[in-house]
Amino acid sequence: TIFPTIQVGGIALSDRSPASPLAYQLISRLGRLERKEEKLFTAVASLISECSLVPDLLVLLYVPEEEMIKRAVDRGETPPMTEELIYLRGVRNQLKRSACLTSKEVIEVDGSPSVEEVTSLIVNICLEKISKSGN
């Protein structure tokens, strides 16, 4: 549905991009890429960029570690352990890297505020991008 929409001059929004699976599938449990996975990462990112529809804009949400810990405590859960935080840092780094390789523009948005505030910010970012493109 995305490609046909764009072919006729429409605008398509998606809650996923090629960056997500690339980052999550290749990251090790220790939060880093192993040497062989580094080559695979580069090859897959290159293939995505050449063969798929590359988004004009990718909004990358992140939540600072302090906020993740606070949210877990507020929910009555055990805060993430050091190993889990290392893994999540690695995922975030690979998401940023994947996003830059598979999108024309990447904007990071802090997901700490309320859902309503984050949604409003993302909508405004998209509307601004649309108005600048003349659509």
# chains A, B, ... in the order shown; residues from 1 in each chain; ligands from 1
call {"tool": "residues_around", "arguments": {"residues": "Ser112 in chain A", "least_positions_apart": "5", "cutoff": "10 Å", "atoms": "only C-alpha atoms", "output": "PyMOL selection string"}}
result
chain A and resi 61-64+66-68+71+117-118
call {"tool": "atom_distance", "arguments": {"atom1": "CA of Arg92 in chain A", "atom2": "CA of Pro80 in chain A"}}
result
15.2 Å
call {"tool": "atom_distance", "arguments": {"atom1": "CA of Gly90 in chain A", "atom2": "CA of Val109 in chain A"}}
result
17.7 Å
call {"tool": "atom_distance", "arguments": {"atom1": "CA of Ile2 in chain A", "atom2": "CA of Ser17 in chain A"}}
result
11.6 Å
call {"tool": "residues_around", "arguments": {"residues": "Ile130 in chain A", "least_positions_apart": "4", "cutoff": "12 Å", "atoms": "only C-alpha atoms", "output": "PyMOL selection string"}}
result
chain A and resi 9-13+56-57+123-126+134-135
call {"tool": "write_last_selection", "arguments": {"atoms": "all heavy atoms", "output": "PDB file, in the first residue's frame"}}
result
ATOM      1  N   GLY A   9       1.431  10.370  -5.725  1.00  0.00           N
ATOM      2  CA  GLY A   9       1.660  11.637  -5.036  1.00  0.00           C
ATOM      3  C   GLY A   9       1.120  11.710  -3.626  1.00  0.00           C
ATOM      4  O   GLY A   9       1.098  12.784  -3.022  1.00  0.00           O
ATOM      5  N   GLY A  10       0.703  10.589  -3.092  1.00  0.00           N
ATOM      6  CA  GLY A  10       0.168  10.573  -1.735  1.00  0.00           C
ATOM      7  C   GLY A  10       1.267  10.514  -0.687  1.00  0.00           C
ATOM      8  O   GLY A  10       2.452  10.433  -0.993  1.00  0.00           O
ATOM      9  N   ILE A  11       0.841  10.559   0.543  1.00  0.00           N
ATOM     10  CA  ILE A  11       1.751  10.497   1.684  1.00  0.00           C
ATOM     11  C   ILE A  11       1.440   9.231   2.463  1.00  0.00           C
ATOM     12  O   ILE A  11       0.279   8.950   2.765  1.00  0.00           O
ATOM     13  CB  ILE A  11       1.571  11.734   2.584  1.00  0.00           C
ATOM     14  CG1 ILE A  11       1.962  12.987   1.802  1.00  0.00           C
ATOM     15  CG2 ILE A  11       2.374  11.599   3.868  1.00  0.00           C
ATOM     16  CD1 ILE A  11       1.561  14.273   2.488  1.00  0.00           C
ATOM     17  N   ALA A  12       2.456   8.472   2.776  1.00  0.00           N
ATOM     18  CA  ALA A  12       2.275   7.235   3.532  1.00  0.00           C
ATOM     19  C   ALA A  12       3.015   7.326   4.858  1.00  0.00           C
ATOM     20  O   ALA A  12       4.150   7.787   4.907  1.00  0.00           O
ATOM     21  CB  ALA A  12       2.807   6.057   2.727  1.00  0.00           C
ATOM     22  N   LEU A  13       2.340   6.925   5.919  1.00  0.00           N
ATOM     23  CA  LEU A  13       2.944   6.872   7.245  1.00  0.00           C
ATOM     24  C   LEU A  13       2.959   5.421   7.696  1.00  0.00           C
ATOM     25  O   LEU A  13       2.026   4.676   7.447  1.00  0.00           O
ATOM     26  CB  LEU A  13       2.134   7.694   8.253  1.00  0.00           C
ATOM     27  CG  LEU A  13       2.013   9.182   7.985  1.00  0.00           C
ATOM     28  CD1 LEU A  13       1.071   9.826   9.000  1.00  0.00           C
ATOM     29  CD2 LEU A  13       3.375   9.856   8.028  1.00  0.00           C
ATOM     30  N   ASP A  56      11.373   9.321   3.402  1.00  0.00           N
ATOM     31  CA  ASP A  56      11.900  10.684   3.425  1.00  0.00           C
ATOM     32  C   ASP A  56      12.239  11.094   4.847  1.00  0.00           C
ATOM     33  O   ASP A  56      13.151  11.875   5.076  1.00  0.00           O
ATOM     34  CB  ASP A  56      10.869  11.674   2.865  1.00  0.00           C
ATOM     35  CG  ASP A  56      10.652  11.486   1.375  1.00  0.00           C
ATOM     36  OD1 ASP A  56      11.634  11.214   0.670  1.00  0.00           O
ATOM     37  OD2 ASP A  56       9.502  11.608   0.925  1.00  0.00           O
ATOM     38  N   LEU A  57      11.492  10.576   5.796  1.00  0.00           N
ATOM     39  CA  LEU A  57      11.677  10.951   7.196  1.00  0.00           C
ATOM     40  C   LEU A  57      11.447   9.738   8.079  1.00  0.00           C
ATOM     41  O   LEU A  57      10.481   9.003   7.905  1.00  0.00           O
ATOM     42  CB  LEU A  57      10.673  12.047   7.589  1.00  0.00           C
ATOM     43  CG  LEU A  57      10.629  12.436   9.063  1.00  0.00           C
ATOM     44  CD1 LEU A  57      11.945  13.081   9.500  1.00  0.00           C
ATOM     45  CD2 LEU A  57       9.460  13.367   9.327  1.00  0.00           C
ATOM     46  N   VAL A 123       3.331  14.481  15.142  1.00  0.00           N
ATOM     47  CA  VAL A 123       2.392  15.024  14.146  1.00  0.00           C
ATOM     48  C   VAL A 123       2.910  16.361  13.625  1.00  0.00           C
ATOM     49  O   VAL A 123       2.919  16.608  12.407  1.00  0.00           O
ATOM     50  CB  VAL A 123       0.965  15.161  14.732  1.00  0.00           C
ATOM     51  CG1 VAL A 123       0.081  16.009  13.833  1.00  0.00           C
ATOM     52  CG2 VAL A 123       0.352  13.787  14.956  1.00  0.00           C
ATOM     53  N   ASN A 124       3.370  17.224  14.520  1.00  0.00           N
ATOM     54  CA  ASN A 124       3.895  18.528  14.096  1.00  0.00           C
ATOM     55  C   ASN A 124       5.143  18.387  13.225  1.00  0.00           C
ATOM     56  O   ASN A 124       5.297  19.116  12.241  1.00  0.00           O
ATOM     57  CB  ASN A 124       4.178  19.413  15.313  1.00  0.00           C
ATOM     58  CG  ASN A 124       2.904  19.898  15.963  1.00  0.00           C
ATOM     59  OD1 ASN A 124       1.863  20.020  15.315  1.00  0.00           O
ATOM     60  ND2 ASN A 124       2.976  20.159  17.253  1.00  0.00           N
ATOM     61  N   ILE A 125       6.012  17.446  13.569  1.00  0.00           N
ATOM     62  CA  ILE A 125       7.205  17.198  12.750  1.00  0.00           C
ATOM     63  C   ILE A 125       6.781  16.767  11.344  1.00  0.00           C
ATOM     64  O   ILE A 125       7.301  17.264  10.345  1.00  0.00           O
ATOM     65  CB  ILE A 125       8.107  16.129  13.408  1.00  0.00           C
ATOM     66  CG1 ILE A 125       8.786  16.701  14.649  1.00  0.00           C
ATOM     67  CG2 ILE A 125       9.138  15.594  12.414  1.00  0.00           C
ATOM     68  CD1 ILE A 125       9.483  15.664  15.517  1.00  0.00           C
ATOM     69  N   CYS A 126       5.813  15.846  11.271  1.00  0.00           N
ATOM     70  CA  CYS A 126       5.342  15.357   9.964  1.00  0.00           C
ATOM     71  C   CYS A 126       4.673  16.469   9.165  1.00  0.00           C
ATOM     72  O   CYS A 126       4.928  16.613   7.963  1.00  0.00           O
ATOM     73  CB  CYS A 126       4.395  14.178  10.151  1.00  0.00           C
ATOM     74  SG  CYS A 126       5.201  12.691  10.778  1.00  0.00           S
ATOM     75  N   GLY A 134       5.854  20.736  -0.083  1.00  0.00           N
ATOM     76  CA  GLY A 134       4.874  21.254  -1.035  1.00  0.00           C
ATOM     77  C   GLY A 134       3.697  20.354  -1.274  1.00  0.00           C
ATOM     78  O   GLY A 134       2.883  20.595  -2.154  1.00  0.00           O
ATOM     79  N   ASN A 135       3.547  19.269  -0.514  1.00  0.00           N
ATOM     80  CA  ASN A 135       2.410  18.354  -0.673  1.00  0.00           C
ATOM     81  C   ASN A 135       1.243  18.786   0.171  1.00  0.00           C
ATOM     82  O   ASN A 135       1.313  19.321   1.180  1.00  0.00           O
ATOM     83  CB  ASN A 135       2.810  16.911  -0.277  1.00  0.00           C
ATOM     84  CG  ASN A 135       3.731  16.303  -1.297  1.00  0.00           C
ATOM     85  OD1 ASN A 135       3.652  16.619  -2.474  1.00  0.00           O
ATOM     86  ND2 ASN A 135       4.619  15.441  -0.839  1.00  0.00           N
TER      87      ASN A 135
END
call {"tool": "residues_around", "arguments": {"residues": "Phe3 in chain A", "least_positions_apart": "3", "cutoff": "9 Å", "atoms": "only C-alpha atoms", "output": "list in words"}}
result
Ile6, Gln7, Val8, Ala12 and Leu53 of chain A
call {"tool": "decode", "arguments": {"residues": "range 3-14 of chain A", "atoms": "N, CA and C atoms", "output": "mmCIF file, in the first residue's frame"}}
result
data_model
loop_
_atom_site.group_PDB
_atom_site.id
_atom_site.type_symbol
_atom_site.label_atom_id
_atom_site.label_comp_id
_atom_site.auth_asym_id
_atom_site.auth_seq_id
_atom_site.Cartn_x
_atom_site.Cartn_y
_atom_site.Cartn_z
ATOM 1 N N PHE A 3 3.908 1.912 -1.588
ATOM 2 C CA PHE A 3 4.442 2.284 -2.900
ATOM 3 C C PHE A 3 3.378 2.845 -3.833
ATOM 4 N N PRO A 4 2.225 2.184 -3.987
ATOM 5 C CA PRO A 4 1.184 2.756 -4.862
ATOM 6 C C PRO A 4 0.718 4.134 -4.396
ATOM 7 N N THR A 5 0.640 4.331 -3.098
ATOM 8 C CA THR A 5 0.222 5.634 -2.570
ATOM 9 C C THR A 5 1.213 6.718 -2.980
ATOM 10 N N ILE A 6 2.463 6.426 -2.842
ATOM 11 C CA ILE A 6 3.502 7.403 -3.174
ATOM 12 C C ILE A 6 3.571 7.638 -4.683
ATOM 13 N N GLN A 7 3.339 6.586 -5.466
ATOM 14 C CA GLN A 7 3.365 6.723 -6.925
ATOM 15 C C GLN A 7 2.353 7.749 -7.422
ATOM 16 N N VAL A 8 1.229 7.876 -6.735
ATOM 17 C CA VAL A 8 0.211 8.832 -7.168
ATOM 18 C C VAL A 8 0.311 10.155 -6.409
ATOM 19 N N GLY A 9 1.431 10.370 -5.725
ATOM 20 C CA GLY A 9 1.660 11.637 -5.036
ATOM 21 C C GLY A 9 1.120 11.710 -3.626
ATOM 22 N N GLY A 10 0.703 10.589 -3.092
ATOM 23 C CA GLY A 10 0.168 10.573 -1.735
ATOM 24 C C GLY A 10 1.267 10.514 -0.687
ATOM 25 N N ILE A 11 0.841 10.559 0.543
ATOM 26 C CA ILE A 11 1.751 10.497 1.684
ATOM 27 C C ILE A 11 1.440 9.231 2.463
ATOM 28 N N ALA A 12 2.456 8.472 2.776
ATOM 29 C CA ALA A 12 2.275 7.235 3.532
ATOM 30 C C ALA A 12 3.015 7.326 4.858
ATOM 31 N N LEU A 13 2.340 6.925 5.919
ATOM 32 C CA LEU A 13 2.944 6.872 7.245
ATOM 33 C C LEU A 13 2.959 5.421 7.696
ATOM 34 N N SER A 14 4.015 5.037 8.389
ATOM 35 C CA SER A 14 4.146 3.680 8.884
ATOM 36 C C SER A 14 4.754 3.722 10.274
#
